[in-house]
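model_21.pdb, holding PDB, C-alpha atoms:
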```pdb
ATOM      1  CA  MET A1218       1.957 -11.504  11.056
ATOM      2  CA  ILE A1219       1.925 -13.734   7.971
ATOM      3  CA  ASN A1220       5.011 -13.186   5.824
ATOM      4  CA  ARG A1221       3.879 -11.919   2.441
ATOM      5  CA  PHE A1222       7.076 -10.172   1.348
ATOM      6  CA  LEU A1223       8.538 -10.756  -2.122
ATOM      7  CA  LEU A1224      11.869  -9.490  -3.440
ATOM      8  CA  PRO A1225      12.499  -8.246  -6.963
ATOM      9  CA  ALA A1226      14.794 -10.357  -9.109
ATOM     10  CA  GLY A1227      15.874  -9.873 -12.672
ATOM     11  CA  TYR A1228      16.752  -6.803 -14.732
ATOM     12  CA  LEU A1229      19.746  -8.860 -15.860
ATOM     13  CA  PRO A1230      21.456  -8.553 -19.241
ATOM     14  CA  PHE A1231      21.946 -11.827 -21.082
ATOM     15  CA  ILE A1232      25.639 -11.802 -20.165
ATOM     16  CA  ALA A1233      24.849 -12.155 -16.447
ATOM     17  CA  PRO A1234      26.175 -15.481 -15.141
ATOM     18  CA  LEU A1235      24.037 -17.946 -13.241
ATOM     19  CA  SER A1236      26.034 -17.261 -10.080
ATOM     20  CA  ILE A1237      24.577 -13.778  -9.732
ATOM     21  CA  PHE A1238      21.256 -15.290  -8.692
ATOM     22  CA  LYS A1239      22.851 -16.437  -5.451
ATOM     23  CA  TYR A1240      22.782 -12.840  -4.234
ATOM     24  CA  TYR A1241      19.006 -12.727  -4.609
ATOM     25  CA  GLU A1242      18.618 -15.932  -2.619
ATOM     26  CA  GLU A1243      21.111 -14.715  -0.020
ATOM     27  CA  LEU A1244      19.024 -11.597   0.532
ATOM     28  CA  ARG A1245      15.808 -13.621   0.727
ATOM     29  CA  ARG A1246      17.275 -15.699   3.556
ATOM     30  CA  LYS A1247      18.568 -12.618   5.380
ATOM     31  CA  THR A1248      15.265 -10.754   5.255
ATOM     32  CA  GLY A1249      12.955 -13.720   5.651
ATOM     33  CA  ALA A1250      11.065 -12.940   2.432
ATOM     34  CA  VAL A1251       9.093 -15.885   1.082
ATOM     35  CA  GLY A1252      10.036 -15.580  -2.582
ATOM     36  CA  PHE A1253      10.488 -13.409  -5.637
ATOM     37  CA  GLU A1254       8.758 -11.402  -8.313
ATOM     38  CA  TYR A1255      10.946 -11.921 -11.350
ATOM     39  CA  PHE A1256      11.403  -9.153 -13.934
ATOM     40  CA  TYR A1257      11.272 -10.956 -17.240
ATOM     41  CA  MET A1258      13.183  -9.804 -20.302
ATOM     42  CA  VAL A1259      11.896 -11.119 -23.619
ATOM     43  CA  ASP A1260      13.435 -14.389 -24.835
ATOM     44  CA  GLN A1261      15.162 -15.328 -21.580
ATOM     45  CA  ASN A1262      15.622 -19.063 -21.124
ATOM     46  CA  PRO A1263      13.401 -20.320 -18.267
ATOM     47  CA  ASP A1264      15.669 -23.332 -17.728
ATOM     48  CA  ILE A1265      18.396 -20.963 -16.529
ATOM     49  CA  ILE A1266      16.032 -19.506 -13.942
ATOM     50  CA  ASN A1267      14.744 -22.887 -12.794
ATOM     51  CA  SER A1268      18.254 -24.229 -12.262
ATOM     52  CA  SER A1269      19.417 -21.121 -10.388
ATOM     53  CA  PRO A1270      19.274 -20.509  -6.611
ATOM     54  CA  ILE A1271      15.916 -18.726  -7.014
ATOM     55  CA  GLY A1272      14.327 -21.572  -8.962
ATOM     56  CA  GLY A1273      11.096 -22.778  -7.401
ATOM     57  CA  LYS A1274      10.714 -19.597  -5.336
ATOM     58  CA  ILE A1275       9.168 -17.324  -7.980
ATOM     59  CA  PHE A1276       5.636 -16.261  -7.066
ATOM     60  CA  GLY A1277       5.086 -13.779  -9.869
ATOM     61  CA  ILE A1278       6.509 -12.420 -13.109
ATOM     62  CA  HIS A1279       6.768  -8.726 -13.923
ATOM     63  CA  GLY A1280       6.352  -8.367 -17.672
ATOM     64  CA  PRO A1281       8.958  -6.419 -19.654
ATOM     65  CA  TRP A1282       8.357  -2.679 -19.766
ATOM     66  CA  THR A1283       8.664  -2.619 -23.523
ATOM     67  CA  GLN A1284       8.270   1.135 -23.863
ATOM     68  CA  ALA A1285      11.510   1.919 -22.045
ATOM     69  CA  GLY A1286      12.948   2.929 -25.389
ATOM     70  CA  SER A1287      16.574   2.815 -26.490
ATOM     71  CA  TYR A1288      17.862   2.009 -22.984
ATOM     72  CA  TYR A1289      15.929  -1.238 -22.936
ATOM     73  CA  LYS A1290      16.931  -2.150 -26.481
ATOM     74  CA  PHE A1291      20.612  -1.385 -25.866
ATOM     75  CA  ILE A1292      20.958  -3.269 -22.595
ATOM     76  CA  PHE A1293      18.749  -6.281 -23.165
ATOM     77  CA  HIS A1294      18.282  -6.516 -26.953
ATOM     78  CA  PRO A1295      14.706  -7.870 -26.813
ATOM     79  CA  LYS A1296      13.848  -9.161 -30.263
ATOM     80  CA  VAL A1297      10.105  -8.651 -29.936
ATOM     81  CA  ALA A1298      10.008  -5.922 -27.309
ATOM     82  CA  PHE A1299       7.987  -3.568 -29.450
ATOM     83  CA  ASN A1300       5.530  -6.193 -30.628
ATOM     84  CA  LEU A1301       3.306  -5.924 -27.577
ATOM     85  CA  GLU A1302       1.106  -8.933 -28.247
ATOM     86  CA  LYS A1303       3.984 -11.355 -28.863
ATOM     87  CA  SER A1304       5.864  -9.964 -25.887
ATOM     88  CA  ALA A1305       2.849 -10.468 -23.612
ATOM     89  CA  GLU A1306       2.234 -14.024 -24.818
ATOM     90  CA  LYS A1307       5.883 -14.968 -24.295
ATOM     91  CA  THR A1308       5.747 -13.496 -20.800
ATOM     92  CA  LEU A1309       2.773 -15.668 -19.851
ATOM     93  CA  ARG A1310       4.388 -18.845 -21.188
ATOM     94  CA  PHE A1311       7.627 -18.024 -19.384
ATOM     95  CA  ALA A1312       5.671 -17.501 -16.142
ATOM     96  CA  LYS A1313       4.047 -20.902 -16.451
ATOM     97  CA  THR A1314       7.401 -22.610 -17.037
ATOM     98  CA  VAL A1315       9.036 -21.098 -13.933
ATOM     99  CA  GLY A1316       6.060 -21.902 -11.704
ATOM    100  CA  ALA A1317       4.711 -18.369 -11.172
ATOM    101  CA  LYS A1318       1.112 -17.755 -10.120
ATOM    102  CA  TYR A1319       0.593 -14.266 -11.540
ATOM    103  CA  VAL A1320       1.945 -11.871 -14.175
ATOM    104  CA  VAL A1321       2.112  -8.088 -13.906
ATOM    105  CA  PHE A1322       1.763  -6.043 -17.089
ATOM    106  CA  HIS A1323       2.222  -2.287 -17.302
ATOM    107  CA  SER A1324      -0.830  -0.515 -18.641
ATOM    108  CA  ILE A1325       1.179   0.958 -21.514
ATOM    109  CA  ASP A1326       1.923  -2.569 -22.753
ATOM    110  CA  ILE A1327      -1.722  -3.695 -22.845
ATOM    111  CA  LYS A1328      -3.970  -2.728 -25.737
ATOM    112  CA  ASN A1329      -7.684  -3.253 -26.303
ATOM    113  CA  ASN A1330      -7.144  -5.254 -29.489
ATOM    114  CA  PHE A1331      -5.530  -8.236 -27.741
ATOM    115  CA  ILE A1332      -6.427  -8.039 -24.050
ATOM    116  CA  GLN A1333      -9.233 -10.619 -24.316
ATOM    117  CA  LYS A1334      -6.928 -13.037 -26.147
ATOM    118  CA  LEU A1335      -4.359 -12.552 -23.386
ATOM    119  CA  ILE A1336      -6.933 -13.184 -20.658
ATOM    120  CA  ALA A1337      -7.980 -16.409 -22.402
ATOM    121  CA  LEU A1338      -4.363 -17.604 -22.613
ATOM    122  CA  ALA A1339      -3.792 -16.806 -18.937
ATOM    123  CA  LYS A1340      -6.868 -18.832 -18.024
ATOM    124  CA  THR A1341      -5.595 -21.796 -20.040
ATOM    125  CA  LEU A1342      -2.206 -21.564 -18.313
ATOM    126  CA  LYS A1343      -3.890 -21.090 -14.911
ATOM    127  CA  LEU A1344      -2.237 -17.718 -14.371
ATOM    128  CA  LYS A1345      -3.601 -14.448 -13.019
ATOM    129  CA  ILE A1346      -3.046 -11.130 -14.786
ATOM    130  CA  TYR A1347      -2.538  -7.943 -12.783
ATOM    131  CA  LEU A1348      -2.288  -4.496 -14.395
ATOM    132  CA  GLU A1349       0.117  -1.847 -13.117
ATOM    133  CA  PRO A1350      -0.508   1.820 -13.944
ATOM    134  CA  ASP A1351       2.138   3.772 -15.788
ATOM    135  CA  MET A1352       2.861   7.443 -15.331
ATOM    136  CA  GLY A1353      -0.309   9.327 -16.120
ATOM    137  CA  ASP A1354      -2.605   6.341 -15.509
ATOM    138  CA  ASN A1355      -4.955   6.253 -12.551
ATOM    139  CA  THR A1356      -5.106   2.928 -10.688
ATOM    140  CA  PHE A1357      -8.852   3.000 -10.093
ATOM    141  CA  ALA A1358      -9.658   4.030 -13.681
ATOM    142  CA  LEU A1359      -7.427   1.248 -15.024
ATOM    143  CA  ALA A1360      -9.264  -1.399 -13.023
ATOM    144  CA  LYS A1361     -12.619  -0.160 -14.263
ATOM    145  CA  LYS A1362     -11.497  -0.012 -17.896
ATOM    146  CA  PHE A1363     -10.068  -3.516 -18.252
ATOM    147  CA  LYS A1364     -12.081  -5.290 -15.511
ATOM    148  CA  LEU A1365      -8.868  -6.801 -14.172
ATOM    149  CA  PRO A1366      -7.217  -6.669 -10.721
ATOM    150  CA  VAL A1367      -4.503  -4.041 -10.386
ATOM    151  CA  VAL A1368      -1.173  -3.409  -8.699
ATOM    152  CA  PHE A1369      -1.018  -0.476  -6.301
ATOM    153  CA  ASP A1370       2.332   1.301  -6.569
ATOM    154  CA  PRO A1371       2.507   4.294  -4.184
ATOM    155  CA  ALA A1372       5.569   5.766  -5.910
ATOM    156  CA  THR A1373       3.703   5.914  -9.227
ATOM    157  CA  VAL A1374       0.722   7.475  -7.453
ATOM    158  CA  GLU A1375       2.901  10.314  -6.150
ATOM    159  CA  TRP A1376       4.720  10.591  -9.467
ATOM    160  CA  ASN A1377       1.324  11.302 -10.989
ATOM    161  CA  GLY A1378       0.729  14.053  -8.420
ATOM    162  CA  GLU A1379      -2.015  12.073  -6.647
ATOM    163  CA  ASN A1380      -2.643  11.607  -2.927
ATOM    164  CA  LEU A1381      -1.479   8.264  -1.526
ATOM    165  CA  PHE A1382      -4.326   7.790   0.918
ATOM    166  CA  ALA A1383      -7.151   8.986  -1.309
ATOM    167  CA  GLU A1384      -5.991   6.759  -4.166
ATOM    168  CA  TRP A1385      -5.694   3.736  -1.911
ATOM    169  CA  GLU A1386      -9.267   4.254  -0.683
ATOM    170  CA  LYS A1387     -10.573   4.299  -4.267
ATOM    171  CA  ALA A1388      -8.424   1.485  -5.627
ATOM    172  CA  ALA A1389      -8.373  -0.896  -2.629
ATOM    173  CA  PRO A1390     -11.331  -3.093  -3.728
ATOM    174  CA  PHE A1391      -9.532  -3.841  -7.006
ATOM    175  CA  VAL A1392      -5.959  -4.234  -5.706
ATOM    176  CA  ALA A1393      -4.473  -7.740  -5.917
ATOM    177  CA  HIS A1394      -0.828  -6.828  -5.347
ATOM    178  CA  VAL A1395       1.248  -3.992  -3.854
ATOM    179  CA  HIS A1396       4.636  -2.717  -4.989
ATOM    180  CA  LEU A1397       6.355  -0.959  -2.101
ATOM    181  CA  ASN A1398       8.804   1.827  -2.919
ATOM    182  CA  GLU A1399       9.018   5.605  -2.530
ATOM    183  CA  TYR A1400       8.838   8.337  -5.105
ATOM    184  CA  GLN A1401      12.122  10.277  -5.278
ATOM    185  CA  PRO A1402      11.230  13.889  -6.163
ATOM    186  CA  LYS A1403      14.841  15.031  -6.578
ATOM    187  CA  LEU A1404      15.479  12.344  -9.191
ATOM    188  CA  LYS A1405      11.904  12.382 -10.502
ATOM    189  CA  LYS A1406      11.764   8.591 -10.361
ATOM    190  CA  ASP A1407      10.352   5.750  -8.324
ATOM    191  CA  GLN A1408      12.037   2.768  -6.563
ATOM    192  CA  GLY A1409      13.206   4.810  -3.584
ATOM    193  CA  ILE A1410      14.045   3.346  -0.164
ATOM    194  CA  LEU A1411      11.090   3.247   2.229
ATOM    195  CA  LYS A1412      11.806   5.798   4.953
ATOM    196  CA  SER A1413       9.139   8.542   5.046
ATOM    197  CA  LYS A1414       6.450   8.795   7.677
ATOM    198  CA  ARG A1415       3.618   8.985   5.125
ATOM    199  CA  TYR A1416       4.681   5.652   3.617
ATOM    200  CA  GLY A1417       4.666   4.063   7.051
ATOM    201  CA  GLU A1418       1.151   5.371   7.612
ATOM    202  CA  LEU A1419       0.095   4.105   4.180
ATOM    203  CA  ILE A1420       1.331   0.587   4.972
ATOM    204  CA  LYS A1421      -0.677   0.670   8.195
ATOM    205  CA  LYS A1422      -3.724   1.778   6.235
ATOM    206  CA  ILE A1423      -3.252  -1.050   3.722
ATOM    207  CA  LYS A1424      -3.117  -3.559   6.574
ATOM    208  CA  ALA A1425      -6.175  -2.042   8.277
ATOM    209  CA  SER A1426      -8.155  -2.375   5.042
ATOM    210  CA  GLY A1427      -7.845  -6.163   5.252
ATOM    211  CA  TYR A1428      -5.501  -6.535   2.283
ATOM    212  CA  GLN A1429      -4.378 -10.172   2.038
ATOM    213  CA  GLY A1430      -2.073 -10.057  -0.982
ATOM    214  CA  PHE A1431       1.707  -9.937  -1.340
ATOM    215  CA  PHE A1432       4.098  -6.990  -1.174
ATOM    216  CA  THR A1433       6.971  -6.742  -3.653
ATOM    217  CA  PHE A1434       9.748  -4.323  -2.699
ATOM    218  CA  GLU A1435      10.668  -2.444  -5.870
ATOM    219  CA  VAL A1436      13.701  -0.703  -4.410
ATOM    220  CA  SER A1437      16.717  -0.162  -6.655
ATOM    221  CA  PRO A1438      20.380   0.778  -6.052
ATOM    222  CA  LEU A1439      19.647   4.134  -7.745
ATOM    223  CA  GLN A1440      19.006   6.545  -4.877
ATOM    224  CA  SER A1441      21.146   9.506  -5.972
ATOM    225  CA  ARG A1442      22.741  10.921  -9.093
ATOM    226  CA  TRP A1443      26.051   9.381  -8.058
ATOM    227  CA  ASP A1444      24.390   5.962  -7.994
ATOM    228  CA  PHE A1445      23.769   6.278 -11.739
ATOM    229  CA  VAL A1446      27.514   6.700 -12.258
ATOM    230  CA  VAL A1447      28.202   3.669 -10.077
ATOM    231  CA  ALA A1448      25.614   1.615 -12.015
ATOM    232  CA  GLY A1449      27.249   2.636 -15.292
ATOM    233  CA  LEU A1450      30.660   1.543 -14.043
ATOM    234  CA  PHE A1451      29.230  -1.789 -12.910
ATOM    235  CA  LEU A1452      27.597  -2.349 -16.284
ATOM    236  CA  LEU A1453      30.844  -1.487 -18.052
ATOM    237  CA  ALA A1454      32.728  -3.935 -15.837
ATOM    238  CA  SER A1455      30.190  -6.649 -16.656
ATOM    239  CA  TYR A1456      30.340  -6.141 -20.415
ATOM    240  CA  SER A1457      34.136  -5.845 -20.490
ATOM    241  CA  GLY A1458      34.632  -9.075 -18.578
ATOM    242  CA  LEU A1459      36.216  -7.453 -15.509
ATOM    243  CA  ALA A1460      33.398  -8.743 -13.308
ATOM    244  CA  ASP A1461      34.274 -12.278 -14.389
ATOM    245  CA  LEU A1462      37.943 -11.757 -13.564
ATOM    246  CA  PHE A1463      37.164 -10.064 -10.261
ATOM    247  CA  PRO A1464      33.957 -11.520  -8.741
ATOM    248  CA  ILE A1465      34.257  -9.022  -5.878
ATOM    249  CA  ILE A1466      32.805  -6.442  -8.295
ATOM    250  CA  ARG A1467      29.490  -8.292  -8.500
ATOM    251  CA  LYS A1468      29.469  -8.971  -4.783
ATOM    252  CA  TRP A1469      30.074  -5.298  -4.061
ATOM    253  CA  TYR A1470      27.224  -4.122  -6.290
ATOM    254  CA  ALA A1471      24.888  -6.803  -4.967
ATOM    255  CA  GLY A1472      25.654  -5.487  -1.481
ATOM    256  CA  ILE A1473      24.266  -2.065  -2.425
ATOM    257  CA  SER A1474      20.981  -3.608  -3.550
ATOM    258  CA  GLN A1475      20.806  -5.802  -0.469
ATOM    259  CA  LYS A1476      21.301  -2.864   1.881
ATOM    260  CA  ASN A1477      18.568  -0.770   0.249
ATOM    261  CA  LEU A1478      16.064  -3.621   0.154
ATOM    262  CA  ALA A1479      16.811  -4.731   3.723
ATOM    263  CA  GLN A1480      16.258  -1.190   5.007
ATOM    264  CA  SER A1481      12.904  -0.979   3.241
ATOM    265  CA  ILE A1482      11.764  -4.399   4.453
ATOM    266  CA  ASN A1483      12.614  -3.549   8.061
ATOM    267  CA  PHE A1484      10.676  -0.300   7.689
ATOM    268  CA  ALA A1485       7.624  -2.164   6.366
ATOM    269  CA  LYS A1486       7.810  -4.742   9.146
ATOM    270  CA  LEU A1487       7.751  -1.984  11.764
ATOM    271  CA  ALA A1488       4.827  -0.267  10.030
ATOM    272  CA  LEU A1489       2.834  -3.503   9.934
ATOM    273  CA  GLU A1490       3.537  -3.917  13.643
ATOM    274  CA  GLY A1491       1.971  -0.512  14.274
ATOM    275  CA  VAL A1492       5.139   1.406  15.181
ATOM    276  CA  ALA A1493       4.845   5.198  14.951
ATOM    277  CA  PHE A1494       7.438   6.988  12.833
ATOM    278  CA  LYS A1495       9.086  10.340  12.644
ATOM    279  CA  ASN A1496      10.466  11.333   9.266
ATOM    280  CA  ALA A1497      13.381   9.369   7.814
ATOM    281  CA  GLY A1498      12.005   6.109   9.192
ATOM    282  CA  GLU A1499      12.984   6.757  12.811
ATOM    283  CA  LYS A1500      10.763   5.213  15.450
ATOM    284  CA  LEU A1501       9.134   7.509  17.976
ATOM    285  CA  CYS A1502      10.438   6.907  21.467
TER
END
```
Re-express the file's structure as structure tokens.
Amino acid sequence: MINRFLLPAGYLPFIAPLSIFKYYEELRRKTGAVGFEYFYMVDQNPDIINSSPIGGKIFGIHGPWTQAGSYYKFIFHPKVAFNLEKSAEKTLRFAKTVGAKYVVFHSIDIKNNFIQKLIALAKTLKLKIYLEPDMGDNTFALAKKFKLPVVFDPATVEWNGENLFAEWEKAAPFVAHVHLNEYQPKLKKDQGILKSKRYGELIKKIKASGYQGFFTFEVSPLQSRWDFVVAGLFLLASYSGLADLFPIIRKWYAGISQKNLAQSINFAKLALEGVAFKNAGEKLC
């Protein structure tokens, strides 16, 4: 099996030190992933990324989800986050500087009045553009509308109340990239750990279809309501300077992310090998 696994990296406030990137690289080595899909925040300095432990290993850039509202503005302070065209152009130029091959934009951040200009810029920079559906957007319809390759995100599909397998069948000819994560119905959010039988069967179906692209594991530390409290405490420790005084705080939180991602990657590996699952990711004896 050819390794086509990418890990997410990014979602970092500007105060995050360069050293935090070592946890991403540490996880890449542990899991055997080939590289990263970096989540760009507007106006980040690409030189910081290139000189970090993940420099030279970034395959793709995930554009900023500029419609995330006050949360996004409070945490990351993007100066042009709500100017979609400028944000998109900066994302493409950032991608080129860090050596990425593709850029993912959410459908909500792409508008008809500048999409052709964006496509032209991407061509000049020798980058590919992939569109990812937002809540309420259908993957297949998005591909047809903009005539661009799309990202298949099964968690978003279920969030929209659609059937995983039926949507894959329709969208497969247009899919250039796959984001692997589960929909979490109790939290009404995506980025869940891969563990359910239906997701294992979906991965098998994706392989059987002849898909040759990469898989990015969009799995976060937020798997329960308590995890939101923990994330808030970590953020507070970072902004107050405690994480600088006690580096164990960052290492501890990085460990949570590593555990969740490693579990999901192992699940996907087993699915691609054709292992049958019960629920909760347990192999059938």
_Point-to-point distance in Å for CA of Ala1388 (chain A) and CA of Ile1420 (chain A)_ = 14.4 Å
*Selection result for the PyMOL selection byres ((chain A and resi 1236-1243) around 12) on this file, as a ChimeraX atom specification*: /A:1223-1235,1244-1255,1265-1275,1455,1460-1461,1464-1476,1478-1479
Residues just named, written with C-alpha atoms as an mmCIF file, keeping the file's coordinate frame:
```cif
data_model
loop_
_atom_site.group_PDB
_atom_site.id
_atom_site.type_symbol
_atom_site.label_atom_id
_atom_site.label_comp_id
_atom_site.auth_asym_id
_atom_site.auth_seq_id
_atom_site.Cartn_x
_atom_site.Cartn_y
_atom_site.Cartn_z
ATOM 1 C CA LEU A 1223 8.538 -10.756 -2.122
ATOM 2 C CA LEU A 1224 11.869 -9.490 -3.440
ATOM 3 C CA PRO A 1225 12.499 -8.246 -6.963
ATOM 4 C CA ALA A 1226 14.794 -10.357 -9.109
ATOM 5 C CA GLY A 1227 15.874 -9.873 -12.672
ATOM 6 C CA TYR A 1228 16.752 -6.803 -14.732
ATOM 7 C CA LEU A 1229 19.746 -8.860 -15.860
ATOM 8 C CA PRO A 1230 21.456 -8.553 -19.241
ATOM 9 C CA PHE A 1231 21.946 -11.827 -21.082
ATOM 10 C CA ILE A 1232 25.639 -11.802 -20.165
ATOM 11 C CA ALA A 1233 24.849 -12.155 -16.447
ATOM 12 C CA PRO A 1234 26.175 -15.481 -15.141
ATOM 13 C CA LEU A 1235 24.037 -17.946 -13.241
ATOM 14 C CA LEU A 1244 19.024 -11.597 0.532
ATOM 15 C CA ARG A 1245 15.808 -13.621 0.727
ATOM 16 C CA ARG A 1246 17.275 -15.699 3.556
ATOM 17 C CA LYS A 1247 18.568 -12.618 5.380
ATOM 18 C CA THR A 1248 15.265 -10.754 5.255
ATOM 19 C CA GLY A 1249 12.955 -13.720 5.651
ATOM 20 C CA ALA A 1250 11.065 -12.940 2.432
ATOM 21 C CA VAL A 1251 9.093 -15.885 1.082
ATOM 22 C CA GLY A 1252 10.036 -15.580 -2.582
ATOM 23 C CA PHE A 1253 10.488 -13.409 -5.637
ATOM 24 C CA GLU A 1254 8.758 -11.402 -8.313
ATOM 25 C CA TYR A 1255 10.946 -11.921 -11.350
ATOM 26 C CA ILE A 1265 18.396 -20.963 -16.529
ATOM 27 C CA ILE A 1266 16.032 -19.506 -13.942
ATOM 28 C CA ASN A 1267 14.744 -22.887 -12.794
ATOM 29 C CA SER A 1268 18.254 -24.229 -12.262
ATOM 30 C CA SER A 1269 19.417 -21.121 -10.388
ATOM 31 C CA PRO A 1270 19.274 -20.509 -6.611
ATOM 32 C CA ILE A 1271 15.916 -18.726 -7.014
ATOM 33 C CA GLY A 1272 14.327 -21.572 -8.962
ATOM 34 C CA GLY A 1273 11.096 -22.778 -7.401
ATOM 35 C CA LYS A 1274 10.714 -19.597 -5.336
ATOM 36 C CA ILE A 1275 9.168 -17.324 -7.980
ATOM 37 C CA SER A 1455 30.190 -6.649 -16.656
ATOM 38 C CA ALA A 1460 33.398 -8.743 -13.308
ATOM 39 C CA ASP A 1461 34.274 -12.278 -14.389
ATOM 40 C CA PRO A 1464 33.957 -11.520 -8.741
ATOM 41 C CA ILE A 1465 34.257 -9.022 -5.878
ATOM 42 C CA ILE A 1466 32.805 -6.442 -8.295
ATOM 43 C CA ARG A 1467 29.490 -8.292 -8.500
ATOM 44 C CA LYS A 1468 29.469 -8.971 -4.783
ATOM 45 C CA TRP A 1469 30.074 -5.298 -4.061
ATOM 46 C CA TYR A 1470 27.224 -4.122 -6.290
ATOM 47 C CA ALA A 1471 24.888 -6.803 -4.967
ATOM 48 C CA GLY A 1472 25.654 -5.487 -1.481
ATOM 49 C CA ILE A 1473 24.266 -2.065 -2.425
ATOM 50 C CA SER A 1474 20.981 -3.608 -3.550
ATOM 51 C CA GLN A 1475 20.806 -5.802 -0.469
ATOM 52 C CA LYS A 1476 21.301 -2.864 1.881
ATOM 53 C CA LEU A 1478 16.064 -3.621 0.154
ATOM 54 C CA ALA A 1479 16.811 -4.731 3.723
#
```
For Gly1280 (chain A), list every protein, DNA or RNA residue within 6 Å, evaluated using only C-alpha atoms, and leave out those in the same chain fewer than 6 positions away; present the list as a short mmCIF file (atom, residue, chain, number, x, y, z; two decimals) with C-alpha atoms, keeping the file's coordinate frame.
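Contents of the output file result29.cif:
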```cif
data_model
loop_
_atom_site.label_atom_id
_atom_site.label_comp_id
_atom_site.auth_asym_id
_atom_site.auth_seq_id
_atom_site.Cartn_x
_atom_site.Cartn_y
_atom_site.Cartn_z
CA TYR A 1257 11.27 -10.96 -17.24
CA VAL A 1321 2.11 -8.09 -13.91
CA PHE A 1322 1.76 -6.04 -17.09
#
```
*Go through the shown structure with the PyMOL selection byres ((chain A and resi 1402) around 12) and write out the matching residues as a PyMOL selection string.*
chain A and resi 1372-1373+1375-1378+1399-1401+1403-1409+1440-1441
If you count all atoms listed in the file, which residues fall within 7 Å of His1394 (chain A), apart from same-chain ones fewer than 6 positions away, as an mmCIF file with C-alpha atoms, keeping the file's coordinate frame?
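Below you can see result-v7.cif, which holds the result:
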```cif
data_model
loop_
_atom_site.group_PDB
_atom_site.id
_atom_site.type_symbol
_atom_site.label_atom_id
_atom_site.label_comp_id
_atom_site.auth_asym_id
_atom_site.auth_seq_id
_atom_site.Cartn_x
_atom_site.Cartn_y
_atom_site.Cartn_z
ATOM 1 C CA VAL A 1367 -4.503 -4.041 -10.386
ATOM 2 C CA VAL A 1368 -1.173 -3.409 -8.699
ATOM 3 C CA PHE A 1369 -1.018 -0.476 -6.301
ATOM 4 C CA GLY A 1430 -2.073 -10.057 -0.982
ATOM 5 C CA PHE A 1431 1.707 -9.937 -1.340
ATOM 6 C CA PHE A 1432 4.098 -6.990 -1.174
#
```
Produce the centre coordinates and the three edge lengths, each in Å to one decimal, of the box along x, y and z that contains all listed atoms of region 1312-1315 of chain A with 5 Å added on each side, as lines of an AutoDock Vina configuration file.
```
center_x = 6.5
center_y = -20.1
center_z = -15.5
size_x = 15.0
size_y = 15.1
size_z = 13.1
```
_Residues returned when the PyMOL selection byres ((chain A and resi 1339-1347) around 8) runs on this file, as a ChimeraX atom specification_ = /A:1309-1310,1313,1317-1322,1335-1338,1348-1349,1365-1368,1393-1394
_Separation of CA of Gly1353 (chain A) from CA of Lys1412 (chain A) in Å_ =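 About the pair CA of Lys1412 (chain A) and CA of Gly1353 (chain A): they are 24.6 Å apart.
Using only C-alpha atoms, the nearest neighbour of Leu1381 (chain A) within the list A:Val1436, A:Ile1278, A:Ala1305, A:Leu1419 is A:Leu1419.
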*asked:* Using all atoms listed in the file, can you tell me which of A:Lys1303, A:His1279, A:Lys1421, A:Lys1364 comes closest to Gln1333 (chain A)?
replied: A:Lys1364
*asked:* With distances taken over all atoms listed in the file, which residue among A:Gly1491, A:Pro1390, A:Met1352, A:Phe1451 lies nearest Lys1422 (chain A)?
replied: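 Using all atoms listed in the file, the shortest distance to Lys1422 (chain A) belongs to A:Gly1491.
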